[in-house]
>>> print(open('start.txt').read())   # compact mmCIF, C-alpha atoms
# COMPACT_ATOMS: atom_id res chain seq x y z
CA MET A 1 68.19 136.89 86.79
CA ASN A 2 69.82 133.57 85.90
CA LEU A 3 73.56 133.42 86.58
CA TYR A 4 75.94 130.75 85.33
CA LEU A 5 79.32 129.34 86.29
CA ASN A 6 80.84 129.31 82.82
CA ASP A 7 84.25 127.84 83.55
CA LEU A 8 86.41 126.50 86.37
CA GLY A 9 90.13 126.27 87.15
CA LEU A 10 91.23 124.08 90.04
CA LEU A 11 94.43 123.17 91.92
CA CYS A 12 94.65 121.12 95.11
CA ALA A 13 96.57 118.28 96.71
CA ALA A 14 94.56 115.80 94.62
CA GLY A 15 95.84 117.16 91.32
CA SER A 16 96.45 120.01 88.91
CA SER A 17 93.55 119.60 86.46
CA LYS A 18 89.86 118.84 86.71
CA PRO A 19 90.14 115.31 85.21
CA GLU A 20 93.09 114.37 87.43
CA ILE A 21 91.44 115.69 90.58
CA MET A 22 88.15 113.93 89.94
CA SER A 23 89.84 110.66 88.99
CA ARG A 24 91.80 110.60 92.23
CA LEU A 25 88.87 111.62 94.39
CA LEU A 26 86.55 109.00 92.93
CA ALA A 27 89.26 106.40 93.59
CA GLY A 28 89.53 107.48 97.23
CA ASP A 29 93.19 108.41 96.69
CA ARG A 30 94.76 110.04 99.76
CA SER A 31 98.31 110.26 98.33
CA GLY A 32 98.09 114.06 98.15
CA LEU A 33 98.25 114.12 101.95
CA ILE A 34 101.91 114.01 103.01
CA VAL A 35 103.93 114.20 106.22
CA THR A 36 106.07 117.32 106.66
CA ASP A 37 107.70 119.50 109.29
CA GLU A 38 108.27 122.41 106.89
CA PHE A 39 105.67 124.60 108.55
CA GLY A 40 106.07 123.70 112.22
CA PRO A 41 105.35 120.49 114.11
CA LYS A 42 105.48 117.32 112.02
CA THR A 43 102.01 116.82 110.65
CA ILE A 44 100.07 115.66 107.60
CA VAL A 45 99.14 118.34 105.06
CA GLY A 46 97.53 118.49 101.64
CA GLN A 47 100.27 120.03 99.49
CA ILE A 48 100.15 120.99 95.82
CA THR A 49 103.10 119.48 93.92
CA ALA A 50 102.36 120.87 90.46
CA ASP A 51 104.81 123.23 88.78
CA LEU A 52 103.45 126.74 89.20
CA PRO A 53 103.82 129.61 86.73
CA GLU A 54 106.15 132.46 87.59
CA ILE A 55 104.92 136.00 88.17
CA ASP A 56 106.59 138.42 85.77
CA GLN A 57 108.47 141.62 86.60
CA HIS A 58 105.46 143.85 86.00
CA ASP A 59 103.71 142.31 89.01
CA SER A 60 106.80 141.50 91.07
CA ILE A 61 105.43 143.09 94.26
CA TYR A 62 102.80 140.32 94.25
CA GLN A 63 105.41 137.53 94.11
CA CYS A 64 104.23 134.80 96.51
CA ARG A 65 103.02 131.22 96.40
CA ASN A 66 99.38 132.18 96.94
CA ASN A 67 99.38 134.37 93.86
CA ARG A 68 101.24 131.75 91.84
CA LEU A 69 98.45 129.32 92.75
CA LEU A 70 95.92 131.85 91.48
CA LEU A 71 97.91 132.36 88.28
CA GLY A 72 98.00 128.59 87.80
CA VAL A 73 94.20 128.26 87.91
CA LEU A 74 93.70 131.44 85.88
CA LYS A 75 95.72 129.89 83.06
CA GLN A 76 93.28 126.94 83.04
CA ILE A 77 90.37 129.27 82.23
CA ARG A 78 92.29 132.01 80.37
CA SER A 79 90.47 131.56 77.07
CA THR A 80 87.09 132.05 78.76
CA VAL A 81 88.38 135.05 80.72
CA ASP A 82 89.83 136.66 77.60
CA ARG A 83 86.56 136.13 75.77
CA ILE A 84 84.41 137.78 78.44
CA ILE A 85 86.83 140.71 78.76
CA LEU A 86 86.64 141.20 74.99
CA LYS A 87 82.84 140.96 75.05
CA PHE A 88 82.02 143.10 78.09
CA GLY A 89 85.08 145.31 78.54
CA ALA A 90 87.70 145.50 81.28
CA ASP A 91 85.52 147.91 83.26
CA ARG A 92 82.70 145.35 83.55
CA ILE A 93 84.66 142.32 84.85
CA GLY A 94 84.85 142.16 88.64
CA ILE A 95 87.13 140.02 90.80
CA VAL A 96 86.08 138.70 94.21
CA LEU A 97 88.18 136.19 96.13
CA GLY A 98 88.26 134.53 99.52
CA THR A 99 91.40 133.73 101.51
CA SER A 100 92.65 133.32 105.04
CA THR A 101 96.42 133.20 104.44
CA SER A 102 97.14 135.26 101.33
CA GLY A 103 100.95 135.51 101.10
CA VAL A 104 101.72 135.11 104.81
CA ARG A 105 104.24 132.37 103.98
CA SER A 106 106.34 134.95 102.11
CA THR A 107 106.48 137.07 105.26
CA GLU A 108 107.48 134.06 107.37
CA LEU A 109 110.34 133.28 104.98
CA ALA A 110 111.33 136.96 104.78
CA LEU A 111 111.56 137.23 108.57
CA GLU A 112 113.68 134.08 108.69
CA HIS A 113 115.98 135.69 106.11
CA GLN A 114 116.12 138.90 108.14
CA ALA A 115 117.03 137.00 111.31
CA LYS A 116 119.86 135.23 109.46
CA PHE A 117 121.22 138.04 107.28
CA GLY A 118 120.06 141.21 109.02
CA ALA A 119 117.80 142.50 106.23
CA LEU A 120 114.62 141.53 104.41
CA PRO A 121 115.05 139.92 100.97
CA ASP A 122 115.23 142.35 98.06
CA LEU A 123 112.13 140.86 96.42
CA PHE A 124 109.97 140.96 99.54
CA HIS A 125 107.09 143.44 99.62
CA TYR A 126 104.49 143.76 102.38
CA LYS A 127 101.78 143.74 99.69
CA GLN A 128 102.37 139.99 99.38
CA GLN A 129 100.82 139.29 102.78
CA GLN A 130 97.83 141.61 102.59
CA MET A 131 94.48 139.84 102.42
CA GLY A 132 93.53 141.74 99.26
CA ALA A 133 96.75 140.89 97.41
CA GLY A 134 95.31 138.03 95.34
CA ALA A 135 92.42 139.98 93.88
CA ASP A 136 94.64 143.00 93.31
CA PHE A 137 97.19 140.80 91.54
CA LEU A 138 94.64 139.28 89.18
CA ALA A 139 93.25 142.73 88.33
CA SER A 140 96.74 144.02 87.62
CA TYR A 141 97.63 140.95 85.57
CA LEU A 142 94.43 141.06 83.49
CA GLY A 143 94.07 144.84 83.33
CA THR A 144 90.50 144.86 84.67
CA ILE A 145 89.16 148.02 86.34
CA ALA A 146 85.80 146.93 87.77
CA PRO A 147 85.27 146.27 91.52
CA VAL A 148 88.05 144.15 93.03
CA TYR A 149 88.10 142.90 96.60
CA THR A 150 88.75 139.99 98.94
CA ILE A 151 86.70 138.43 101.72
CA SER A 152 88.42 136.86 104.72
CA THR A 153 85.94 135.09 106.98
CA ALA A 154 88.11 132.04 107.69
CA CYS A 155 86.74 128.80 106.23
CA SER A 156 83.60 130.34 104.70
CA ALA A 157 85.55 133.09 102.89
CA SER A 158 85.45 131.85 99.31
CA GLY A 159 81.80 130.83 99.72
CA LYS A 160 80.90 134.35 100.80
CA ALA A 161 82.76 135.56 97.70
CA PHE A 162 80.03 134.01 95.53
CA ALA A 163 77.35 135.96 97.34
CA SER A 164 79.29 139.18 96.73
CA ALA A 165 80.00 138.30 93.10
CA ARG A 166 76.33 137.61 92.45
CA ARG A 167 75.41 140.92 94.06
CA LEU A 168 77.81 142.83 91.77
CA ILE A 169 76.03 141.42 88.71
CA ASN A 170 72.52 141.85 90.11
CA LEU A 171 73.30 145.51 90.87
CA ASP A 172 74.54 145.95 87.28
CA LEU A 173 78.01 146.91 88.48
CA CYS A 174 79.52 144.04 86.51
CA ASP A 175 78.55 141.75 83.64
CA ALA A 176 80.84 138.96 84.83
CA VAL A 177 82.95 138.24 87.89
CA ILE A 178 86.03 136.10 88.33
CA VAL A 179 85.25 134.52 91.68
CA GLY A 180 86.88 131.90 93.90
CA GLY A 181 89.65 131.68 96.42
CA ALA A 182 93.16 130.56 97.30
CA ASP A 183 95.00 129.54 100.45
CA SER A 184 98.59 128.34 100.68
CA LEU A 185 100.28 126.39 103.45
CA CYS A 186 102.11 128.43 106.07
CA GLY A 187 103.39 128.24 109.61
CA LEU A 188 100.69 130.60 110.88
CA THR A 189 97.85 128.18 110.24
CA VAL A 190 99.72 124.96 111.04
CA ASN A 191 100.97 126.29 114.38
CA GLY A 192 97.66 128.00 115.09
CA PHE A 193 95.62 124.84 114.68
CA ALA A 194 98.27 122.90 116.60
CA ALA A 195 97.79 125.36 119.49
CA LEU A 196 94.04 124.70 119.31
CA GLU A 197 94.80 120.96 119.45
CA SER A 198 92.80 120.62 116.24
CA LEU A 199 95.38 118.90 114.03
CA SER A 200 94.85 115.20 113.45
CA THR A 201 97.54 112.87 114.75
CA GLY A 202 97.28 110.96 111.46
CA TYR A 203 95.11 111.09 108.38
CA CYS A 204 91.90 112.97 109.12
CA LYS A 205 88.79 110.84 109.59
CA PRO A 206 85.64 112.75 108.53
CA PHE A 207 82.66 111.40 110.48
CA GLY A 208 84.80 108.53 111.77
CA LEU A 209 84.58 107.11 115.27
CA HIS A 210 88.21 107.98 116.03
CA ARG A 211 88.31 111.40 114.32
CA ASN A 212 90.58 113.82 116.17
CA GLY A 213 91.26 116.80 113.95
CA ILE A 214 92.05 118.23 110.54
CA ASN A 215 94.79 117.92 107.93
CA ILE A 216 95.45 121.44 106.65
CA GLY A 217 95.67 121.74 102.87
CA GLU A 218 96.20 124.34 100.17
CA ALA A 219 94.16 125.02 97.05
CA ALA A 220 93.12 127.57 94.46
CA SER A 221 89.83 127.68 92.59
CA LEU A 222 88.56 130.26 90.10
CA PHE A 223 85.20 130.43 88.32
CA VAL A 224 83.77 132.74 85.69
CA LEU A 225 80.32 133.85 86.87
CA SER A 226 78.15 135.67 84.34
CA LYS A 227 74.72 136.10 82.78
CA GLU A 228 75.90 134.10 79.75
CA PRO A 229 74.45 130.58 79.68
CA GLY A 230 76.99 127.98 80.78
CA PRO A 231 77.19 124.36 81.91
CA VAL A 232 76.26 125.03 85.55
CA GLN A 233 73.80 127.49 87.06
CA LEU A 234 74.26 129.24 90.42
CA LEU A 235 70.86 128.72 92.01
CA GLY A 236 70.96 129.62 95.68
CA ILE A 237 73.10 130.95 98.50
CA GLY A 238 72.32 130.92 102.20
CA ALA A 239 74.41 132.52 104.92
CA SER A 240 74.13 132.81 108.68
CA SER A 241 76.15 133.69 111.76
CA ASP A 242 75.53 132.61 115.34
CA ALA A 243 78.62 133.92 117.18
CA TYR A 244 78.23 130.94 119.52
CA HIS A 245 81.97 130.59 120.20
CA PHE A 246 85.23 131.81 118.70
CA SER A 247 86.25 128.40 117.36
CA ALA A 248 83.63 125.80 118.37
CA PRO A 249 80.33 125.31 116.53
CA ASP A 250 76.94 125.58 118.18
CA PRO A 251 76.18 121.91 118.89
CA ALA A 252 72.51 122.42 118.03
CA GLY A 253 73.44 123.56 114.52
CA THR A 254 70.60 126.08 114.47
CA ALA A 255 72.40 128.65 112.32
CA VAL A 256 73.79 125.98 110.00
CA ILE A 257 70.26 124.67 109.45
CA ALA A 258 69.20 128.25 108.67
CA ALA A 259 71.98 128.67 106.09
CA MET A 260 71.07 125.42 104.31
CA GLU A 261 67.35 126.24 104.35
CA LYS A 262 68.01 129.74 103.00
CA ALA A 263 70.10 128.29 100.17
CA LEU A 264 67.32 125.84 99.28
CA HIS A 265 64.67 128.57 99.40
CA ASP A 266 66.83 130.89 97.29
CA ALA A 267 67.32 128.08 94.77
CA GLY A 268 63.63 127.16 94.72
CA LYS A 269 64.48 123.56 95.57
CA ARG A 270 63.13 121.04 98.04
CA PRO A 271 65.53 118.91 100.10
CA ASP A 272 64.56 115.82 98.08
CA GLU A 273 65.69 117.55 94.87
CA ILE A 274 69.34 117.68 95.99
CA ASP A 275 71.38 114.84 94.48
CA TYR A 276 74.58 115.30 96.50
CA ILE A 277 75.87 117.39 99.40
CA ASN A 278 79.54 118.20 99.82
CA LEU A 279 79.76 118.41 103.60
CA HIS A 280 82.04 120.76 105.49
CA GLY A 281 83.21 117.60 107.28
CA THR A 282 86.42 118.77 108.95
CA ALA A 283 86.92 115.54 110.95
CA THR A 284 86.91 117.37 114.27
CA VAL A 285 84.81 115.88 117.03
CA LEU A 286 82.49 118.86 117.43
CA ASN A 287 82.02 119.94 113.80
CA ASP A 288 81.08 116.54 112.45
CA ALA A 289 78.62 115.93 115.29
CA MET A 290 76.96 119.30 114.68
CA GLU A 291 76.85 118.99 110.89
CA SER A 292 75.45 115.46 110.89
CA LYS A 293 72.65 116.65 113.19
CA ALA A 294 71.92 119.71 111.03
CA VAL A 295 71.96 117.86 107.70
CA ASN A 296 69.83 115.04 109.07
CA ALA A 297 67.27 117.58 110.35
CA ILE A 298 66.69 118.84 106.78
CA PHE A 299 67.53 115.93 104.49
CA GLY A 300 67.16 112.86 106.67
CA SER A 301 69.55 110.04 105.84
CA LYS A 302 68.81 109.47 102.15
CA VAL A 303 70.67 112.18 100.20
CA ALA A 304 74.20 111.20 99.13
CA ALA A 305 76.77 113.19 101.10
CA SER A 306 80.49 113.20 101.77
CA SER A 307 83.43 115.23 102.97
CA SER A 308 86.18 115.50 100.34
CA LYS A 309 88.66 116.76 102.95
CA GLY A 310 89.90 113.22 103.58
CA MET A 311 91.70 113.53 100.22
CA THR A 312 92.38 117.26 99.82
CA GLY A 313 92.88 118.37 103.41
CA HIS A 314 91.02 121.35 104.84
CA THR A 315 92.00 124.26 102.60
CA LEU A 316 90.59 126.89 104.96
CA GLY A 317 89.77 130.11 103.07
CA ALA A 318 89.81 128.24 99.74
CA ALA A 319 87.68 125.31 100.97
CA ALA A 320 84.28 126.63 99.86
CA ALA A 321 85.44 127.45 96.33
CA LEU A 322 87.37 124.18 96.02
CA GLU A 323 84.42 122.08 97.13
CA LEU A 324 81.93 124.01 95.02
CA GLY A 325 84.34 123.30 92.16
CA LEU A 326 84.10 119.58 92.88
CA CYS A 327 80.31 119.88 92.70
CA TRP A 328 80.68 121.77 89.39
CA ILE A 329 82.65 118.85 87.94
CA LEU A 330 80.09 116.32 89.19
CA LEU A 331 77.39 118.27 87.36
CA ALA A 332 79.20 119.35 84.19
CA GLU A 333 81.62 116.53 83.42
CA ASN A 334 80.14 113.39 84.97
CA GLU A 335 77.48 111.74 82.83
CA GLY A 336 78.00 108.48 84.71
CA GLY A 337 76.64 109.96 87.93
CA TYR A 338 79.72 109.10 89.98
CA LEU A 339 79.86 110.39 93.56
CA ILE A 340 82.80 111.53 95.68
CA PRO A 341 83.29 109.03 98.52
CA ASN A 342 83.68 109.93 102.17
CA ILE A 343 87.18 108.63 102.87
CA SER A 344 88.12 108.26 106.52
CA ASP A 345 89.68 104.76 106.78
CA ASP A 346 87.82 104.47 110.06
CA GLU A 347 84.71 102.78 111.36
CA PRO A 348 81.62 104.99 111.39
CA ASP A 349 80.60 106.87 114.51
CA ASN A 350 77.16 105.45 115.19
CA THR A 351 76.49 108.09 117.85
CA LEU A 352 76.15 110.70 115.08
CA ALA A 353 72.84 111.53 113.44
CA PRO A 354 72.62 109.14 110.47
CA LEU A 355 73.72 110.34 107.03
CA HIS A 356 74.10 108.57 103.69
CA LEU A 357 77.89 108.84 103.50
CA VAL A 358 79.04 107.88 100.00
CA LYS A 359 81.17 104.75 99.68
CA LYS A 360 83.97 104.36 97.14
CA GLY A 361 82.60 103.34 93.75
CA GLU A 362 79.07 104.51 94.48
CA GLN A 363 77.05 106.00 91.59
CA LEU A 364 73.76 107.82 91.47
CA GLY A 365 72.64 105.78 88.44
CA ARG A 366 72.00 108.90 86.36
CA SER A 367 73.62 112.26 85.78
CA LEU A 368 73.53 114.64 88.75
CA GLN A 369 71.21 117.62 88.44
CA VAL A 370 71.58 119.61 91.69
CA CYS A 371 74.34 119.78 94.32
CA GLN A 372 74.69 121.65 97.60
CA SER A 373 77.95 122.55 99.36
CA ASN A 374 78.46 123.60 102.98
CA SER A 375 81.24 125.67 104.55
CA PHE A 376 81.41 126.80 108.17
CA ALA A 377 83.90 129.13 109.83
CA PHE A 378 85.16 130.31 113.20
CA GLY A 379 82.68 132.51 114.98
CA GLY A 380 79.72 130.58 113.56
CA ASN A 381 80.06 132.16 110.11
CA ASN A 382 78.26 129.79 107.74
CA VAL A 383 77.48 129.54 104.04
CA SER A 384 75.65 126.96 101.91
CA ILE A 385 75.45 127.09 98.10
CA VAL A 386 73.20 125.26 95.63
CA ILE A 387 74.22 124.82 91.99
CA ALA A 388 72.56 122.89 89.17
CA LYS A 389 73.29 121.38 85.77
CA SER A 390 72.07 123.77 83.08
>>> encode(input="start.txt", output="structure tokens")
Amino acid sequence: MNLYLNDLGLLCAAGSSKPEIMSRLLAGDRSGLIVTDEFGPKTIVGQITADLPEIDQHDSIYQCRNNRLLLGVLKQIRSTVDRIILKFGADRIGIVLGTSTSGVRSTELALEHQAKFGALPDLFHYKQQQMGAGADFLASYLGTIAPVYTISTACSASGKAFASARRLINLDLCDAVIVGGADSLCGLTVNGFAALESLSTGYCKPFGLHRNGINIGEAASLFVLSKEPGPVQLLGIGASSDAYHFSAPDPAGTAVIAAMEKALHDAGKRPDEIDYINLHGTATVLNDAMESKAVNAIFGSKVAASSSKGMTGHTLGAAAALELGLCWILLAENEGGYLIPNISDDEPDNTLAPLHLVKKGEQLGRSLQVCQSNSFAFGGNNVSIVIAKS
């Protein structure tokens, strides 16, 4: 069965619309990464500055920034969503999301309020911090009654959501699925990665010689996945888990290679048919070394590849959906064949397995036909997705 990604809504530190985001990424613009101490130690984060829609009284128990991010991207694709609900019925439209933070920031602020005033804020509800809150909110807001759930596997979460969404359609439980993810900035993740000594001391440097950690970011990304022909086709998904270490990747990259190969096999594509790879590229010492080795083992050093995290930050549970969204734009709205550069403002690390890291201004010379996107998570939980221009 052929499945299509009919529409896309996107919010991240690089902008609040698809044209703005792509324009800034192609220009190598890092201005979305800002210095703040709002969430803990002073650090650089990728923060969304767009005005976000308010959640109305009917869904007030879901009031949190994470859900406002989701509402913001839903509004970008609302006409497509309304059309598929009208066509298939509210009982045939599923919702599957990935997240790692949900509304945890609301709980942090509520506990600060309680410490200061002796009681939780009137508008606080524990539902806001539950991992499933985003999917539940969208179902309540849209009135859909098909399967609704959330996946939380750290940085592969919203990638795994696509595998689940595809399964719902293939099993004839749904005709279409609203699929994607959202993560918002909070003290939990900033302080957690600081404790792991994984935050960069400056701007992150994907695959750079002096890379020393991540810049945490926030993002929301929603797609409409259905059997209806659309601009981009979902071709293949590969997943693996090695359980090598709680937070460090297996340096051999064996399971990552397996995930990429499974995605290619599922898509019916050879490595030389991939036009561009969006790398996981966190800018940590261990991840970039492992990923360069794994990608080189399959693709060699010819395929165009880059990490977009140097301009968006690492958006954790939303990263896979955000970066698949960037691939969607490259395929659907990019006749010039422009490529997202690998921005690190650093000299390359020549000890890494060689990759063709895209430079600013680089073009393919024709429209892109097939893209692959990688996302890896704590515990060796990996996903790779292949999509193609229809």
>>> closest_atom_pairs(input="start.txt", of="segment 147-208 of chain A", to="segment 215-230 of chain A", cutoff="10 Å", atoms="all atoms listed in the file", output="Markdown table")
| residue | atom | partner | partner_atom | distance |
| --- | --- | --- | --- | --- |
| A:Ser158 | CA | A:Ser221 | CA | 9.0 |
| A:Phe162 | CA | A:Leu225 | CA | 8.7 |
| A:Ala165 | CA | A:Leu225 | CA | 7.7 |
| A:Arg166 | CA | A:Leu225 | CA | 7.8 |
| A:Ile169 | CA | A:Ser226 | CA | 7.5 |
| A:Asn170 | CA | A:Lys227 | CA | 9.6 |
| A:Cys174 | CA | A:Ser226 | CA | 8.8 |
| A:Asp175 | CA | A:Ser226 | CA | 6.1 |
| A:Ala176 | CA | A:Ser226 | CA | 4.3 |
| A:Val177 | CA | A:Leu225 | CA | 5.2 |
| A:Ile178 | CA | A:Val224 | CA | 4.8 |
| A:Val179 | CA | A:Phe223 | CA | 5.3 |
| A:Gly180 | CA | A:Leu222 | CA | 4.5 |
| A:Gly181 | CA | A:Ser221 | CA | 5.5 |
| A:Ala182 | CA | A:Ala220 | CA | 4.1 |
| A:Asp183 | CA | A:Glu218 | CA | 5.3 |
| A:Ser184 | CA | A:Glu218 | CA | 4.7 |
| A:Leu185 | CA | A:Glu218 | CA | 5.6 |
| A:Cys186 | CA | A:Glu218 | CA | 9.3 |
| A:Thr189 | CA | A:Ile216 | CA | 8.0 |
| A:Val190 | CA | A:Ile216 | CA | 7.1 |
| A:Phe193 | CA | A:Ile216 | CA | 8.7 |
| A:Ser198 | CA | A:Asn215 | CA | 9.0 |
| A:Leu199 | CA | A:Asn215 | CA | 6.2 |
| A:Ser200 | CA | A:Asn215 | CA | 6.2 |
| A:Thr201 | CA | A:Asn215 | CA | 8.9 |
| A:Gly202 | CA | A:Asn215 | CA | 8.2 |
| A:Tyr203 | CA | A:Asn215 | CA | 6.9 |
| A:Cys204 | CA | A:Asn215 | CA | 5.9 |
| A:Lys205 | CA | A:Asn215 | CA | 9.4 |
>>> closest_residue(input="start.txt", among="A:Ile340, A:Met22, A:Ala332, A:Ala27", to="Pro231 of chain A", atoms="only C-alpha atoms")
A:Ala332
>>> closest_residue(input="start.txt", among="A:Leu188, A:Cys155, A:Ile55, A:Ala267", to="Leu138 of chain A", atoms="only C-alpha atoms")
A:Ile55
>>> residues_around(input="start.txt", residues="Ala161 of chain A", least_positions_apart="5", cutoff="6 Å", atoms="all atoms listed in the file", output="ChimeraX atom specification")
/A:96-98
>>> residues_around(input="start.txt", residues="Ser156 of chain A", least_positions_apart="3", cutoff="8 Å", atoms="only C-alpha atoms", output="VMD selection string")
chain A and resid 153 159 to 160 316 to 317 319 to 320 375 to 377 381 to 383
>>> write_last_selection(input="start.txt", atoms="C-alpha atoms", output="PDB file, in the frame of the given file")
ATOM      1  CA  THR A 153      85.940 135.090 106.980  1.00  0.00           C
ATOM      2  CA  GLY A 159      81.800 130.830  99.720  1.00  0.00           C
ATOM      3  CA  LYS A 160      80.900 134.350 100.800  1.00  0.00           C
ATOM      4  CA  LEU A 316      90.590 126.890 104.960  1.00  0.00           C
ATOM      5  CA  GLY A 317      89.770 130.110 103.070  1.00  0.00           C
ATOM      6  CA  ALA A 319      87.680 125.310 100.970  1.00  0.00           C
ATOM      7  CA  ALA A 320      84.280 126.630  99.860  1.00  0.00           C
ATOM      8  CA  SER A 375      81.240 125.670 104.550  1.00  0.00           C
ATOM      9  CA  PHE A 376      81.410 126.800 108.170  1.00  0.00           C
ATOM     10  CA  ALA A 377      83.900 129.130 109.830  1.00  0.00           C
ATOM     11  CA  ASN A 381      80.060 132.160 110.110  1.00  0.00           C
ATOM     12  CA  ASN A 382      78.260 129.790 107.740  1.00  0.00           C
ATOM     13  CA  VAL A 383      77.480 129.540 104.040  1.00  0.00           C
TER      14      VAL A 383
END
>>> atom_distance(input="start.txt", atom1="atom CA of Val303 of chain A", atom2="atom CA of Gln369 of chain A")
13.0 Å
>>> atom_distance(input="start.txt", atom1="atom CA of Lys18 of chain A", atom2="atom CA of Lys359 of chain A")
21.0 Å
>>> closest_residue(input="start.txt", among="A:Ser164, A:Ser307, A:Ser247, A:Gln76", to="Leu52 of chain A", atoms="only C-alpha atoms")
A:Gln76
>>> build_atoms(input="start.txt", residues="segment 191-206 of chain A", atoms="N, CA, C and O atoms", output="PDB file, in the coordinates of the input")
ATOM      1  N   ASN A 191     100.706 126.103 112.952  1.00  0.00           N
ATOM      2  CA  ASN A 191     100.970 126.290 114.380  1.00  0.00           C
ATOM      3  C   ASN A 191      99.715 126.757 115.123  1.00  0.00           C
ATOM      4  O   ASN A 191      99.510 126.400 116.292  1.00  0.00           O
ATOM      5  N   GLY A 192      98.884 127.539 114.457  1.00  0.00           N
ATOM      6  CA  GLY A 192      97.660 128.000 115.090  1.00  0.00           C
ATOM      7  C   GLY A 192      96.715 126.854 115.410  1.00  0.00           C
ATOM      8  O   GLY A 192      96.191 126.748 116.522  1.00  0.00           O
ATOM      9  N   PHE A 193      96.502 125.971 114.428  1.00  0.00           N
ATOM     10  CA  PHE A 193      95.620 124.840 114.680  1.00  0.00           C
ATOM     11  C   PHE A 193      96.264 123.821 115.624  1.00  0.00           C
ATOM     12  O   PHE A 193      95.554 123.123 116.362  1.00  0.00           O
ATOM     13  N   ALA A 194      97.595 123.757 115.615  1.00  0.00           N
ATOM     14  CA  ALA A 194      98.270 122.900 116.600  1.00  0.00           C
ATOM     15  C   ALA A 194      98.014 123.432 118.008  1.00  0.00           C
ATOM     16  O   ALA A 194      97.758 122.653 118.944  1.00  0.00           O
ATOM     17  N   ALA A 195      98.046 124.760 118.179  1.00  0.00           N
ATOM     18  CA  ALA A 195      97.790 125.360 119.490  1.00  0.00           C
ATOM     19  C   ALA A 195      96.355 125.102 119.939  1.00  0.00           C
ATOM     20  O   ALA A 195      96.091 124.969 121.145  1.00  0.00           O
ATOM     21  N   LEU A 196      95.434 125.014 118.983  1.00  0.00           N
ATOM     22  CA  LEU A 196      94.040 124.700 119.310  1.00  0.00           C
ATOM     23  C   LEU A 196      93.812 123.205 119.531  1.00  0.00           C
ATOM     24  O   LEU A 196      92.694 122.788 119.831  1.00  0.00           O
ATOM     25  N   GLU A 197      94.884 122.425 119.355  1.00  0.00           N
ATOM     26  CA  GLU A 197      94.800 120.960 119.450  1.00  0.00           C
ATOM     27  C   GLU A 197      93.776 120.415 118.461  1.00  0.00           C
ATOM     28  O   GLU A 197      93.038 119.468 118.750  1.00  0.00           O
ATOM     29  N   SER A 198      93.768 121.013 117.263  1.00  0.00           N
ATOM     30  CA  SER A 198      92.800 120.620 116.240  1.00  0.00           C
ATOM     31  C   SER A 198      93.429 119.892 115.058  1.00  0.00           C
ATOM     32  O   SER A 198      92.728 119.564 114.097  1.00  0.00           O
ATOM     33  N   LEU A 199      94.741 119.659 115.091  1.00  0.00           N
ATOM     34  CA  LEU A 199      95.380 118.900 114.030  1.00  0.00           C
ATOM     35  C   LEU A 199      95.256 117.410 114.312  1.00  0.00           C
ATOM     36  O   LEU A 199      95.468 116.959 115.440  1.00  0.00           O
ATOM     37  N   SER A 200      94.933 116.648 113.283  1.00  0.00           N
ATOM     38  CA  SER A 200      94.850 115.200 113.450  1.00  0.00           C
ATOM     39  C   SER A 200      96.230 114.619 113.715  1.00  0.00           C
ATOM     40  O   SER A 200      97.240 115.102 113.186  1.00  0.00           O
ATOM     41  N   THR A 201      96.277 113.560 114.492  1.00  0.00           N
ATOM     42  CA  THR A 201      97.540 112.870 114.750  1.00  0.00           C
ATOM     43  C   THR A 201      97.912 111.936 113.603  1.00  0.00           C
ATOM     44  O   THR A 201      99.005 111.378 113.581  1.00  0.00           O
ATOM     45  N   GLY A 202      97.023 111.769 112.651  1.00  0.00           N
ATOM     46  CA  GLY A 202      97.280 110.960 111.460  1.00  0.00           C
ATOM     47  C   GLY A 202      96.462 111.508 110.316  1.00  0.00           C
ATOM     48  O   GLY A 202      96.236 112.708 110.233  1.00  0.00           O
ATOM     49  N   TYR A 203      96.029 110.638 109.412  1.00  0.00           N
ATOM     50  CA  TYR A 203      95.110 111.090 108.380  1.00  0.00           C
ATOM     51  C   TYR A 203      93.776 111.461 109.018  1.00  0.00           C
ATOM     52  O   TYR A 203      93.294 110.771 109.916  1.00  0.00           O
ATOM     53  N   CYS A 204      93.179 112.558 108.548  1.00  0.00           N
ATOM     54  CA  CYS A 204      91.900 112.970 109.120  1.00  0.00           C
ATOM     55  C   CYS A 204      90.822 111.933 108.818  1.00  0.00           C
ATOM     56  O   CYS A 204      90.921 111.184 107.831  1.00  0.00           O
ATOM     57  N   LYS A 205      89.812 111.891 109.666  1.00  0.00           N
ATOM     58  CA  LYS A 205      88.790 110.840 109.590  1.00  0.00           C
ATOM     59  C   LYS A 205      87.393 111.476 109.615  1.00  0.00           C
ATOM     60  O   LYS A 205      86.714 111.424 110.638  1.00  0.00           O
ATOM     61  N   PRO A 206      86.961 112.090 108.524  1.00  0.00           N
ATOM     62  CA  PRO A 206      85.640 112.750 108.530  1.00  0.00           C
ATOM     63  C   PRO A 206      84.521 111.780 108.927  1.00  0.00           C
ATOM     64  O   PRO A 206      84.360 110.719 108.338  1.00  0.00           O
TER      65      PRO A 206
END
